[in-house]
$ cat data23.txt   # compact mmCIF, C-alpha atoms
# COMPACT_ATOMS: atom_id res chain seq x y z
CA MET O 1 0.00 0.00 0.00
CA PRO O 2 1.54 3.40 -0.96
CA VAL O 3 2.46 5.85 1.75
CA GLY O 4 -0.07 8.66 2.05
CA ASN O 5 0.55 12.38 1.92
CA TRP O 6 -0.75 13.19 5.38
CA THR O 7 0.87 11.94 8.57
CA TYR O 8 -0.76 11.99 11.99
CA SER O 9 -0.27 10.80 15.52
CA VAL O 10 -3.19 8.92 17.06
CA TYR O 11 -3.52 6.26 19.76
CA GLY O 12 0.28 6.20 20.07
CA LEU O 13 0.76 5.31 16.39
CA VAL O 14 1.93 7.12 13.29
CA LEU O 15 -0.87 7.03 10.72
CA THR O 16 -0.49 8.06 7.09
CA SER O 17 -3.46 8.74 4.85
CA ASP O 18 -3.90 9.75 1.23
CA GLN O 19 -6.74 12.05 2.32
CA PRO O 20 -6.58 14.63 5.10
CA ILE O 21 -8.09 13.67 8.45
CA GLU O 22 -8.50 17.06 10.00
CA GLU O 23 -9.49 15.88 13.48
CA LEU O 24 -6.06 14.36 14.15
CA TRP O 25 -2.80 15.85 15.37
CA PRO O 26 -0.37 16.21 12.44
CA CYS O 27 3.11 14.87 13.13
CA GLU O 28 6.46 14.64 11.44
CA PRO O 29 6.68 11.90 8.83
CA GLY O 30 8.16 8.78 10.37
CA PRO O 31 7.92 5.05 10.02
CA PRO O 32 4.14 4.62 9.86
CA SER O 33 2.42 1.87 11.73
CA LEU O 34 -0.90 2.36 9.99
CA PHE O 35 -1.80 3.21 6.39
CA VAL O 36 -5.22 4.52 5.41
CA ARG O 37 -6.19 4.64 1.75
CA TRP O 38 -9.44 6.01 0.39
CA VAL O 39 -10.67 4.05 -2.61
CA GLU O 40 -13.56 4.07 -5.08
CA GLU O 41 -13.71 0.34 -5.77
CA GLU O 42 -16.28 -1.78 -3.98
CA LEU O 43 -14.61 -3.40 -0.96
CA VAL O 44 -17.42 -5.49 0.45
CA PRO O 45 -18.81 -8.01 -2.05
CA ASP O 46 -22.38 -9.26 -1.95
CA GLY O 47 -22.67 -12.57 -0.18
CA SER O 48 -20.03 -11.80 2.46
CA VAL O 49 -20.44 -14.07 5.48
CA TRP O 50 -20.68 -11.91 8.57
CA PHE O 51 -19.29 -13.33 11.79
CA ARG O 52 -20.01 -10.28 13.98
CA GLU O 53 -22.79 -7.74 13.91
CA TRP O 54 -23.56 -4.72 16.03
CA ASP O 55 -27.20 -3.85 16.09
CA ASP O 56 -28.38 -0.40 17.18
CA THR O 57 -31.96 -0.16 16.02
CA GLY O 58 -33.05 -3.52 14.74
CA SER O 59 -30.78 -3.46 11.72
CA PRO O 60 -27.00 -3.93 11.73
CA SER O 61 -24.99 -0.74 12.24
CA LEU O 62 -21.70 -2.56 11.69
CA ARG O 63 -20.89 -6.07 10.55
CA VAL O 64 -17.61 -7.87 10.04
CA ALA O 65 -16.57 -10.66 7.68
CA ARG O 66 -13.31 -12.44 6.86
CA ALA O 67 -12.20 -12.66 3.23
CA ASP O 68 -8.89 -13.66 1.67
CA GLY O 69 -6.97 -13.24 4.91
CA ARG O 70 -8.41 -9.79 5.50
CA TYR O 71 -11.34 -8.33 7.39
CA LEU O 72 -14.28 -6.53 5.82
CA LEU O 73 -16.18 -4.02 7.91
CA GLN O 74 -19.44 -2.68 6.57
CA PHE O 75 -21.53 0.17 7.91
CA PRO O 76 -24.59 -0.48 5.74
CA GLY O 77 -25.47 2.51 3.61
CA LYS O 78 -22.50 4.53 4.86
CA ALA O 79 -19.08 3.00 4.17
CA GLY O 80 -17.07 -0.16 3.75
CA PHE O 81 -13.58 -0.84 5.07
CA ARG O 82 -11.06 -3.55 4.24
CA VAL O 83 -8.39 -4.27 6.85
CA SER O 84 -5.24 -6.35 6.59
CA SER O 85 -4.94 -9.22 9.03
CA ASP O 86 -2.11 -7.49 10.91
CA GLY O 87 -4.15 -4.29 11.26
CA ARG O 88 -1.55 -2.14 9.50
CA GLU O 89 -3.50 -1.32 6.32
CA VAL O 90 -7.00 0.09 6.10
CA GLU O 91 -8.86 0.81 2.88
CA CYS O 92 -11.97 2.92 3.05
CA ARG O 93 -14.81 3.38 0.60
CA PRO O 94 -17.61 5.82 1.44
CA GLU O 95 -21.02 5.09 -0.04
CA ALA O 96 -22.32 7.64 -2.52
CA GLY O 97 -23.58 10.83 -0.89
CA ILE O 98 -22.13 10.14 2.54
CA PRO O 99 -20.26 13.18 3.91
CA HIS O 100 -16.55 12.82 4.46
CA TYR O 101 -16.84 13.81 8.15
CA THR O 102 -19.23 10.93 8.78
CA VAL O 103 -16.77 8.46 7.31
CA ARG O 104 -13.91 9.98 9.30
CA HIS O 105 -16.00 9.52 12.45
CA LEU O 106 -16.55 5.86 11.60
CA LEU O 107 -12.86 5.44 10.84
CA LEU O 108 -11.54 7.14 13.98
CA ASN O 109 -14.07 6.01 16.56
CA GLN O 110 -15.16 2.59 15.38
CA VAL O 111 -12.76 1.12 12.84
CA LEU O 112 -9.37 2.13 14.23
CA PRO O 113 -10.08 0.93 17.80
CA LEU O 114 -11.03 -2.49 16.40
CA VAL O 115 -8.13 -2.53 13.95
CA LEU O 116 -5.59 -1.76 16.66
CA SER O 117 -6.48 -5.00 18.42
CA ARG O 118 -4.86 -6.73 15.42
CA GLN O 119 -1.66 -4.80 16.22
CA ARG O 120 -1.98 -6.00 19.84
CA VAL O 121 -2.61 -2.44 21.03
CA PRO O 122 -5.14 -2.59 23.88
CA VAL O 123 -7.99 -0.15 23.23
CA PHE O 124 -10.95 0.30 25.56
CA HIS O 125 -14.37 1.87 25.21
CA GLY O 126 -13.89 4.80 27.52
CA SER O 127 -12.77 8.33 28.10
CA CYS O 128 -9.74 9.74 29.91
CA VAL O 129 -8.48 12.91 31.58
CA ASP O 130 -5.15 13.90 33.11
CA LEU O 131 -5.80 14.65 36.79
CA GLY O 132 -2.26 15.80 37.48
CA SER O 133 -1.51 12.69 39.53
CA GLY O 134 -1.88 10.70 36.31
CA ALA O 135 -4.51 9.55 33.86
CA ALA O 136 -7.99 8.58 35.05
CA VAL O 137 -9.78 6.28 32.64
CA PHE O 138 -13.56 5.96 32.72
CA ALA O 139 -14.51 2.73 30.94
CA GLY O 140 -17.90 1.19 30.39
CA ALA O 141 -20.87 0.71 28.12
CA THR O 142 -22.57 3.44 26.12
CA GLY O 143 -24.78 5.82 28.07
CA ARG O 144 -23.00 5.67 31.41
CA GLY O 145 -21.74 9.23 31.22
CA LYS O 146 -18.07 8.71 30.37
CA SER O 147 -17.80 11.61 27.93
CA THR O 148 -19.87 13.95 30.07
CA LEU O 149 -17.64 13.23 33.07
CA SER O 150 -14.46 13.78 31.07
CA GLY O 151 -15.95 16.88 29.49
CA PHE O 152 -16.74 18.24 32.95
CA PHE O 153 -13.17 17.63 34.14
CA ALA O 154 -11.88 19.29 30.97
CA ARG O 155 -14.07 22.33 31.61
CA CYS O 156 -12.53 22.48 35.09
CA GLY O 157 -9.07 22.74 33.53
CA TYR O 158 -7.87 19.15 33.47
CA PRO O 159 -6.43 18.16 30.09
CA LEU O 160 -8.48 15.71 28.10
CA VAL O 161 -6.43 12.72 26.96
CA THR O 162 -8.99 10.93 24.81
CA ASP O 163 -12.71 10.35 24.42
CA ASP O 164 -14.60 7.27 23.31
CA CYS O 165 -11.51 5.09 22.80
CA VAL O 166 -8.64 4.64 25.26
CA ALA O 167 -5.42 3.15 23.92
CA LEU O 168 -2.83 1.97 26.42
CA VAL O 169 0.88 1.66 25.89
CA PRO O 170 3.00 -0.48 28.24
CA THR O 171 5.63 1.32 30.29
CA GLU O 172 8.16 0.18 32.88
CA ALA O 173 5.82 1.23 35.68
CA GLY O 174 2.65 -0.14 34.12
CA PHE O 175 0.76 1.65 31.38
CA ALA O 176 0.30 5.09 29.87
CA VAL O 177 -2.73 6.36 27.99
CA SER O 178 -2.07 7.55 24.43
CA PRO O 179 -3.88 10.69 23.29
CA SER O 180 -6.29 10.45 20.36
CA TYR O 181 -7.63 13.82 19.24
CA PRO O 182 -9.20 16.87 20.91
CA GLY O 183 -12.81 17.07 22.02
CA VAL O 184 -15.59 14.94 23.45
CA ARG O 185 -18.75 13.62 21.83
CA LEU O 186 -21.87 14.65 23.73
CA TRP O 187 -25.63 14.37 23.61
CA LYS O 188 -27.53 17.65 23.50
CA ASP O 189 -28.36 17.77 27.23
CA SER O 190 -24.72 17.18 28.21
CA LEU O 191 -23.57 19.77 25.71
CA GLU O 192 -25.91 22.35 27.21
CA PHE O 193 -24.80 21.52 30.75
CA LEU O 194 -21.16 22.09 29.76
CA ASN O 195 -22.12 25.41 28.15
CA GLY O 196 -21.45 24.13 24.66
CA ASP O 197 -23.05 25.94 21.78
CA GLU O 198 -24.87 23.66 19.37
CA THR O 199 -24.26 26.08 16.51
CA THR O 200 -20.49 25.82 16.88
CA CYS O 201 -20.30 22.11 17.74
CA PRO O 202 -20.77 20.02 14.60
CA PRO O 203 -22.58 16.68 14.71
CA VAL O 204 -20.18 13.74 14.83
CA ALA O 205 -21.93 12.30 11.76
CA HIS O 206 -24.68 13.40 9.41
CA ASP O 207 -27.16 10.94 10.94
CA LYS O 208 -26.19 11.41 14.61
CA THR O 209 -27.47 13.90 17.16
CA LYS O 210 -24.28 13.70 19.22
CA ARG O 211 -22.06 16.75 18.88
CA HIS O 212 -18.31 17.12 18.83
CA PHE O 213 -17.42 19.53 21.61
CA ALA O 214 -13.87 20.83 21.70
CA GLY O 215 -14.68 23.83 23.93
CA GLY O 216 -12.83 27.12 23.68
CA VAL O 217 -10.81 26.58 26.84
CA MET O 218 -10.59 22.80 26.78
CA SER O 219 -7.00 21.62 26.85
CA SER O 220 -5.87 18.28 25.48
CA SER O 221 -2.82 16.16 26.12
CA THR O 222 -0.54 15.54 23.20
CA ARG O 223 1.71 13.08 25.03
CA PRO O 224 1.01 9.76 26.75
CA VAL O 225 -0.03 10.16 30.38
CA PRO O 226 0.87 7.48 32.98
CA LEU O 227 -2.19 5.49 34.02
CA ARG O 228 -3.24 6.30 37.58
CA ARG O 229 -6.77 4.94 37.83
CA PHE O 230 -8.89 2.66 35.65
CA TYR O 231 -12.49 3.23 36.70
CA CYS O 232 -15.20 0.90 35.43
CA LEU O 233 -18.10 3.31 35.39
CA ASP O 234 -21.65 2.40 36.28
CA ARG O 235 -24.86 4.27 37.12
CA SER O 236 -26.27 4.20 40.63
CA GLU O 237 -29.93 3.50 41.21
CA GLY O 238 -29.66 5.62 44.35
CA ASN O 239 -27.90 8.80 45.32
CA THR O 240 -24.55 7.54 46.50
CA ILE O 241 -21.13 7.82 44.90
CA GLU O 242 -19.26 4.57 45.40
CA ILE O 243 -15.67 3.66 44.60
CA THR O 244 -14.72 0.07 45.36
CA ARG O 245 -11.65 -1.88 44.44
CA LEU O 246 -12.08 -4.44 41.68
CA GLU O 247 -10.36 -7.77 42.15
CA GLY O 248 -10.06 -11.24 40.70
CA ALA O 249 -12.35 -12.54 38.00
CA ALA O 250 -14.73 -9.58 38.34
CA LEU O 251 -11.88 -7.23 37.49
CA ILE O 252 -10.76 -9.25 34.49
CA ARG O 253 -14.31 -9.57 33.20
CA GLU O 254 -14.94 -5.81 33.47
CA VAL O 255 -11.66 -4.86 31.83
CA VAL O 256 -11.90 -7.37 28.98
CA SER O 257 -15.53 -6.52 28.28
CA SER O 258 -14.54 -2.86 27.83
CA GLN O 259 -11.92 -3.75 25.25
CA PHE O 260 -12.32 -3.36 21.49
CA LEU O 261 -11.64 -6.69 19.74
CA LEU O 262 -12.01 -7.09 16.01
CA ASP O 263 -11.91 -10.87 16.06
CA SER O 264 -12.79 -12.24 19.47
CA GLY O 265 -12.93 -15.69 17.86
CA ASP O 266 -9.17 -15.51 17.36
CA PRO O 267 -7.62 -17.17 20.43
CA ARG O 268 -4.45 -15.07 20.10
CA GLU O 269 -6.44 -11.84 20.18
CA LEU O 270 -8.46 -13.11 23.12
CA GLU O 271 -5.36 -14.16 25.02
CA THR O 272 -3.65 -10.82 24.40
CA SER O 273 -6.73 -9.10 25.77
CA PHE O 274 -6.68 -11.35 28.83
CA ARG O 275 -2.95 -10.80 29.46
CA THR O 276 -3.42 -7.04 29.19
CA ALA O 277 -6.25 -7.17 31.71
CA CYS O 278 -4.02 -9.17 34.06
CA ARG O 279 -1.22 -6.61 33.70
CA ILE O 280 -3.65 -3.79 34.44
CA ALA O 281 -4.82 -5.76 37.47
CA GLU O 282 -1.23 -5.99 38.70
CA THR O 283 -0.99 -2.18 38.73
CA GLY O 284 -3.72 -2.14 41.38
CA SER O 285 -5.38 0.77 39.63
CA CYS O 286 -8.81 -0.77 38.88
CA TYR O 287 -11.93 0.37 40.68
CA ARG O 288 -15.67 0.23 40.15
CA LEU O 289 -17.07 3.74 40.12
CA VAL O 290 -20.82 4.04 40.66
CA VAL O 291 -22.26 7.50 40.22
CA PRO O 292 -25.78 8.91 40.55
CA ARG O 293 -27.69 10.30 37.61
CA GLY O 294 -28.13 14.03 37.21
CA PHE O 295 -25.85 16.82 36.10
CA ASP O 296 -26.27 18.59 39.43
CA ARG O 297 -24.19 15.86 41.13
CA LEU O 298 -21.27 16.10 38.69
CA PRO O 299 -19.20 18.60 40.72
CA GLU O 300 -19.41 16.31 43.74
CA VAL O 301 -18.59 13.24 41.62
CA ALA O 302 -15.58 14.98 40.08
CA ASP O 303 -14.34 16.12 43.49
CA THR O 304 -14.64 12.58 44.89
CA ILE O 305 -12.74 11.14 41.95
CA SER O 306 -10.07 13.81 42.09
CA ARG O 307 -9.42 13.12 45.79
CA HIS O 308 -9.49 9.37 45.27
CA ALA O 309 -6.98 9.58 42.44
CA GLN O 310 -4.57 11.54 44.63
CA ARG O 311 -4.50 8.87 47.29
CA SER O 312 -2.17 5.91 47.38
CA PHE O 313 -3.65 2.66 46.14
CA GLN O 314 -5.75 1.00 48.83
CA MET Z 315 -20.39 -40.15 36.02
CA GLU Z 316 -18.13 -42.69 37.66
CA TRP Z 317 -14.72 -41.25 38.54
CA ASN Z 318 -11.67 -43.39 38.17
CA THR Z 319 -9.43 -42.16 40.96
CA GLN Z 320 -6.34 -43.28 39.05
CA THR Z 321 -7.07 -41.25 35.91
CA PRO Z 322 -4.62 -38.35 35.60
CA TRP Z 323 -6.26 -34.97 34.89
CA VAL Z 324 -4.50 -31.84 33.70
CA ALA Z 325 -5.47 -28.27 32.79
CA SER Z 326 -6.70 -28.03 29.19
CA GLN Z 327 -4.45 -26.68 26.48
CA ARG Z 328 -6.52 -23.85 25.06
CA LEU Z 329 -6.77 -21.74 28.19
CA ALA Z 330 -5.20 -18.61 29.56
CA SER Z 331 -5.00 -18.28 33.31
CA SER Z 332 -3.54 -16.04 35.93
CA GLU Z 333 -3.68 -15.54 39.69
CA ILE Z 334 -4.97 -12.18 40.83
CA THR Z 335 -5.09 -11.31 44.52
CA GLY Z 336 -4.95 -14.99 45.38
CA GLU Z 337 -7.77 -15.94 43.05
CA ALA Z 338 -7.21 -17.97 39.90
CA VAL Z 339 -8.87 -16.48 36.85
CA VAL Z 340 -9.21 -18.68 33.80
CA LEU Z 341 -10.24 -17.76 30.28
CA ASN Z 342 -11.43 -20.52 27.97
CA LEU Z 343 -10.01 -19.50 24.60
CA ASN Z 344 -12.50 -21.71 22.78
CA ASP Z 345 -15.61 -19.88 23.90
CA GLY Z 346 -14.32 -16.70 25.59
CA ASN Z 347 -15.87 -17.57 28.97
CA PHE Z 348 -14.21 -16.49 32.22
CA TYR Z 349 -14.05 -18.39 35.47
CA GLY Z 350 -12.96 -17.18 38.88
CA MET Z 351 -11.92 -19.67 41.54
CA ASN Z 352 -12.09 -19.60 45.32
CA GLU Z 353 -9.13 -20.43 47.56
CA LEU Z 354 -9.57 -24.21 47.47
CA ALA Z 355 -10.23 -24.30 43.73
CA THR Z 356 -7.22 -22.06 43.12
CA GLN Z 357 -5.01 -24.44 45.08
CA VAL Z 358 -6.26 -27.46 43.14
CA TRP Z 359 -5.97 -25.52 39.89
CA ASN Z 360 -2.30 -24.84 40.63
CA TRP Z 361 -1.67 -28.51 41.40
CA ILE Z 362 -3.40 -29.65 38.25
CA GLN Z 363 -1.12 -27.70 35.97
CA GLN Z 364 0.65 -31.05 35.81
CA PRO Z 365 -1.19 -34.37 35.59
CA ARG Z 366 -2.72 -35.47 38.90
CA THR Z 367 -5.13 -38.22 39.86
CA VAL Z 368 -7.98 -37.90 42.35
CA ASP Z 369 -5.91 -39.89 44.83
CA GLN Z 370 -2.91 -37.59 44.44
CA LEU Z 371 -5.04 -34.46 44.78
CA THR Z 372 -6.75 -35.90 47.85
CA GLU Z 373 -3.38 -36.58 49.45
CA LEU Z 374 -2.16 -33.06 48.66
CA LEU Z 375 -5.33 -31.58 50.08
CA THR Z 376 -5.19 -33.52 53.35
CA SER Z 377 -1.53 -32.60 53.81
CA GLU Z 378 -2.23 -28.91 53.20
CA TYR Z 379 -5.54 -28.47 55.03
CA ASP Z 380 -7.08 -29.80 58.22
CA VAL Z 381 -9.54 -32.09 56.48
CA ASP Z 382 -10.18 -35.85 56.54
CA ALA Z 383 -9.54 -37.97 53.45
CA GLY Z 384 -13.21 -38.73 52.78
CA THR Z 385 -14.23 -35.07 52.78
CA ALA Z 386 -11.19 -34.11 50.71
CA ARG Z 387 -11.91 -36.79 48.12
CA GLY Z 388 -15.51 -35.60 47.82
CA ASP Z 389 -14.36 -31.99 47.37
CA VAL Z 390 -11.80 -32.99 44.75
CA ILE Z 391 -14.27 -35.04 42.71
CA ARG Z 392 -16.89 -32.30 42.89
CA LEU Z 393 -14.38 -29.71 41.71
CA LEU Z 394 -12.96 -31.88 38.93
CA ARG Z 395 -16.48 -32.56 37.70
CA GLU Z 396 -17.16 -28.80 37.50
CA LEU Z 397 -13.88 -28.15 35.72
CA LYS Z 398 -14.56 -30.99 33.29
CA GLU Z 399 -18.08 -29.70 32.52
CA ARG Z 400 -16.50 -26.35 31.59
CA SER Z 401 -13.79 -28.02 29.48
CA LEU Z 402 -11.09 -26.57 31.73
CA ILE Z 403 -9.43 -29.95 32.33
CA GLU Z 404 -8.78 -33.01 30.23
CA VAL Z 405 -7.41 -36.48 30.70
CA ALA Z 406 -3.62 -36.36 30.53
CA VAL Z 407 -2.11 -38.46 27.79
$ encode --input "data23.txt" --output "C-alpha cells"
Amino acid sequence: MPVGNWTYSVYGLVLTSDQPIEELWPCEPGPPSLFVRWVEEELVPDGSVWFREWDDTGSPSLRVARADGRYLLQFPGKAGFRVSSDGREVECRPEAGIPHYTVRHLLLNQVLPLVLSRQRVPVFHGSCVDLGSGAAVFAGATGRGKSTLSGFFARCGYPLVTDDCVALVPTEAGFAVSPSYPGVRLWKDSLEFLNGDETTCPPVAHDKTKRHFAGGVMSSSTRPVPLRRFYCLDRSEGNTIEITRLEGAALIREVVSSQFLLDSGDPRELETSFRTACRIAETGSCYRLVVPRGFDRLPEVADTISRHAQRSFQ
Amino acid sequence: MEWNTQTPWVASQRLASSEITGEAVVLNLNDGNFYGMNELATQVWNWIQQPRTVDQLTELLTSEYDVDAGTARGDVIRLLRELKERSLIEVAV
C-alpha cells in the first residue's frame, strides 16, 4: 500500500493517509504503523459471510466478515472498510452521498479501535483525563456518562487525553494512555450543561445527534499520560457515589468486556486481551465507580474522583 | 459419572489463566468464557497444571488443610467434575 501524503499521531501510532483527516494531530513523517487509503472500488462483495454484527436499532450498524486473509467491515449505507490481518492497512470506501466527516468519524471512533487490536494495542471503550496525579480512565458501556464526566473535568481545567476510545501503551511502571484527538462527543443535554453551543459544535456524523465539543478553553494532552486509575463506570440507582476496588475474575471480566476486539474468535487476540487485563490488574489501579444520575451531582462526583486519584492505592 | 481415581487430569491446552489477589482467573479460549476460583479451587488448579489423579489431589489436600480424606476426596471429585463440565481440564495423555 503506498504511503499517504498526510501523517498523523493517534492512539500512540503514526498514521499516514492519502486524504486529510483534520481531526487528528499532524506529526512529522516517520515510520508509519498504519496506512489509510481512500478508494472508489467496492470493498465489500455481496454474499459476504458476517461473523459479527452490532445492532443499534433492529438493523445492523456494523458487521464484520473475513475474506482472503483480510477483514471486511461494513456500515450499511454509509461506508465499507477492508483491513489487513495485521491491522496495518486500512482501505476505506464511502457510499455515494455520505459526507466525508461521517466516514472519518466511523474510521476514527469505530474502525481504528477495532483494527488496533490486530496490532496488539489494547484499546478500551472509555474516556480519559489527566488529573495531574496521572490519567484517570472511565470505561464502560454506552450511556453511562463517560464523555460527560471527562468533558466536565476538561471544563474544570484538566487536560483531556482521549474520548470514546482509550489506547494503552505499556511502560516500565505499568501503562500510559495515548492521546487520540481533541474534544468529546456529547448528547444535547450534556452539551448544554457544559455550556457548549450547538451552533459551533458540529454533529459527529450526518445521521447522529451527538455533537463534537472541543470547547474554547478545553486543553488536550498531546503526550502519553501514565495510568493512575482505571475506573469501570456504572450508574447508581440511588444517590450515592461509590468507589470500590475491583479484584479477581470480576476485574478481568470488566476490563476485557470494555476492550475493542475485532476478532474475538481468534484465540491469540483473546489471550492478548486477557494478558493485558491481568497486567492492568497488577498495577492495582482498577476500581468500580458508581455514580448517581443528574448533572447537578457532577461537581461532587468529580471532586470525589479527584481526591481518590490523589490517594495511594488501597 | 463414575470417577476413576487413578485417571490423571490436567489443565486443558486452550486456556489462559492467571492468579490475581490470590484468586485464579481462567479464560477458555474456545468460547471466551471467564471463570474465577475460590481459595480451594485455586489451590487445586495450581496442582493440576501437571497431571494429577484424584488420589494424588486428595493426598495433597489432606496434607495442606485440616480435612479428613473422605471429605477431601468428595471436594476434589466435585471440583474436577465442574472443571470438566466447563472443558477446563482433560485427561492427561
$ interface_residues --input "data23.txt" --of "chain O" --to "chain Z" --cutoff "9 Å" --atoms "all atoms listed in the file" --output "PDB file with C-alpha atoms, in the coordinates of the input"
ATOM      1  CA  GLU O 247     -10.360  -7.770  42.150  1.00  0.00           C
ATOM      2  CA  GLY O 248     -10.060 -11.240  40.700  1.00  0.00           C
ATOM      3  CA  ALA O 249     -12.350 -12.540  38.000  1.00  0.00           C
ATOM      4  CA  ALA O 250     -14.730  -9.580  38.340  1.00  0.00           C
ATOM      5  CA  ILE O 252     -10.760  -9.250  34.490  1.00  0.00           C
ATOM      6  CA  ARG O 253     -14.310  -9.570  33.200  1.00  0.00           C
ATOM      7  CA  SER O 264     -12.790 -12.240  19.470  1.00  0.00           C
ATOM      8  CA  GLY O 265     -12.930 -15.690  17.860  1.00  0.00           C
ATOM      9  CA  ASP O 266      -9.170 -15.510  17.360  1.00  0.00           C
ATOM     10  CA  PRO O 267      -7.620 -17.170  20.430  1.00  0.00           C
ATOM     11  CA  ARG O 268      -4.450 -15.070  20.100  1.00  0.00           C
ATOM     12  CA  LEU O 270      -8.460 -13.110  23.120  1.00  0.00           C
ATOM     13  CA  GLU O 271      -5.360 -14.160  25.020  1.00  0.00           C
ATOM     14  CA  PHE O 274      -6.680 -11.350  28.830  1.00  0.00           C
ATOM     15  CA  ARG O 275      -2.950 -10.800  29.460  1.00  0.00           C
ATOM     16  CA  CYS O 278      -4.020  -9.170  34.060  1.00  0.00           C
ATOM     17  CA  ALA O 281      -4.820  -5.760  37.470  1.00  0.00           C
ATOM     18  CA  GLU O 282      -1.230  -5.990  38.700  1.00  0.00           C
TER      19      GLU O 282
END
$ closest_residue --input "data23.txt" --among "Z:Val368, Z:Val407, Z:Leu374, Z:Val381" --to "Arg395 in chain Z" --atoms "only C-alpha atoms"
Z:Val368
$ closest_atom_pairs --input "data23.txt" --of "range 189-230 of chain O" --to "range 88-109 of chain O" --cutoff "7 Å" --atoms "only C-alpha atoms" --output "JSON lines"
{"residue": "O:Val204", "atom": "CA", "partner": "O:His105", "partner_atom": "CA", "distance": 6.4}
{"residue": "O:Ala205", "atom": "CA", "partner": "O:Thr102", "partner_atom": "CA", "distance": 4.2}
{"residue": "O:His206", "atom": "CA", "partner": "O:Thr102", "partner_atom": "CA", "distance": 6.0}
$ atom_distance --input "data23.txt" --atom1 "CA of Ala136 in chain O" --atom2 "CA of Val121 in chain O"
18.6 Å
$ residues_around --input "data23.txt" --residues "range 130-132 of chain O" --least-positions-apart "6" --cutoff "7 Å" --atoms "all atoms listed in the file" --output "JSON, numbers by chain"
{"O": [158, 159, 160, 161, 225, 306]}
$ atom_distance --input "data23.txt" --atom1 "CA of Asp303 in chain O" --atom2 "CA of His212 in chain O"
25.0 Å
$ residues_near_point --input "data23.txt" --point "(-24.1, 22.9, 27.4)" --cutoff "12 Å" --atoms "only C-alpha atoms" --output "short mmCIF file (atom, residue, chain, number, x, y, z; two decimals) with C-alpha atoms, in the frame of the given file"
data_model
loop_
_atom_site.label_atom_id
_atom_site.label_comp_id
_atom_site.auth_asym_id
_atom_site.auth_seq_id
_atom_site.Cartn_x
_atom_site.Cartn_y
_atom_site.Cartn_z
CA THR O 148 -19.87 13.95 30.07
CA GLY O 151 -15.95 16.88 29.49
CA PHE O 152 -16.74 18.24 32.95
CA ARG O 155 -14.07 22.33 31.61
CA LEU O 186 -21.87 14.65 23.73
CA TRP O 187 -25.63 14.37 23.61
CA LYS O 188 -27.53 17.65 23.50
CA ASP O 189 -28.36 17.77 27.23
CA SER O 190 -24.72 17.18 28.21
CA LEU O 191 -23.57 19.77 25.71
CA GLU O 192 -25.91 22.35 27.21
CA PHE O 193 -24.80 21.52 30.75
CA LEU O 194 -21.16 22.09 29.76
CA ASN O 195 -22.12 25.41 28.15
CA GLY O 196 -21.45 24.13 24.66
CA ASP O 197 -23.05 25.94 21.78
CA GLU O 198 -24.87 23.66 19.37
CA THR O 199 -24.26 26.08 16.51
CA THR O 200 -20.49 25.82 16.88
CA CYS O 201 -20.30 22.11 17.74
CA ARG O 211 -22.06 16.75 18.88
CA HIS O 212 -18.31 17.12 18.83
CA PHE O 213 -17.42 19.53 21.61
CA ALA O 214 -13.87 20.83 21.70
CA GLY O 215 -14.68 23.83 23.93
CA PHE O 295 -25.85 16.82 36.10
#
$ residues_around --input "data23.txt" --residues "range 43-49 of chain O" --least-positions-apart "2" --cutoff "9 Å" --atoms "all atoms listed in the file" --output "JSON, numbers by chain"
{"O": [39, 40, 41, 51, 64, 65, 66, 67, 72, 73, 74, 80, 81, 82, 91, 92, 93]}
$ decode --input "data23.txt" --residues "range 185-196 of chain O" --atoms "N, CA and C atoms" --output "short mmCIF file (atom, residue, chain, number, x, y, z; two decimals), in the first residue's frame"
data_model
loop_
_atom_site.label_atom_id
_atom_site.label_comp_id
_atom_site.auth_asym_id
_atom_site.auth_seq_id
_atom_site.Cartn_x
_atom_site.Cartn_y
_atom_site.Cartn_z
N ARG O 185 -17.51 13.78 22.58
CA ARG O 185 -18.75 13.62 21.83
C ARG O 185 -19.91 13.55 22.82
N LEU O 186 -20.83 14.49 22.69
CA LEU O 186 -21.87 14.65 23.73
C LEU O 186 -23.28 14.69 23.14
N TRP O 187 -24.23 14.16 23.93
CA TRP O 187 -25.63 14.37 23.61
C TRP O 187 -25.99 15.82 23.93
N LYS O 188 -27.14 16.24 23.41
CA LYS O 188 -27.53 17.65 23.50
C LYS O 188 -27.60 18.13 24.95
N ASP O 189 -28.19 17.31 25.85
CA ASP O 189 -28.36 17.77 27.23
C ASP O 189 -26.99 17.94 27.93
N SER O 190 -26.06 17.04 27.62
CA SER O 190 -24.72 17.18 28.21
C SER O 190 -24.01 18.40 27.65
N LEU O 191 -24.19 18.62 26.37
CA LEU O 191 -23.57 19.77 25.71
C LEU O 191 -24.05 21.07 26.36
N GLU O 192 -25.35 21.13 26.59
CA GLU O 192 -25.91 22.35 27.21
C GLU O 192 -25.38 22.52 28.63
N PHE O 193 -25.30 21.42 29.37
CA PHE O 193 -24.80 21.52 30.75
C PHE O 193 -23.37 22.05 30.78
N LEU O 194 -22.57 21.65 29.79
CA LEU O 194 -21.16 22.09 29.76
C LEU O 194 -20.99 23.41 29.03
N ASN O 195 -22.13 24.09 28.80
CA ASN O 195 -22.12 25.41 28.15
C ASN O 195 -21.60 25.35 26.71
N GLY O 196 -21.82 24.22 26.07
CA GLY O 196 -21.45 24.13 24.66
C GLY O 196 -22.52 24.75 23.80
#
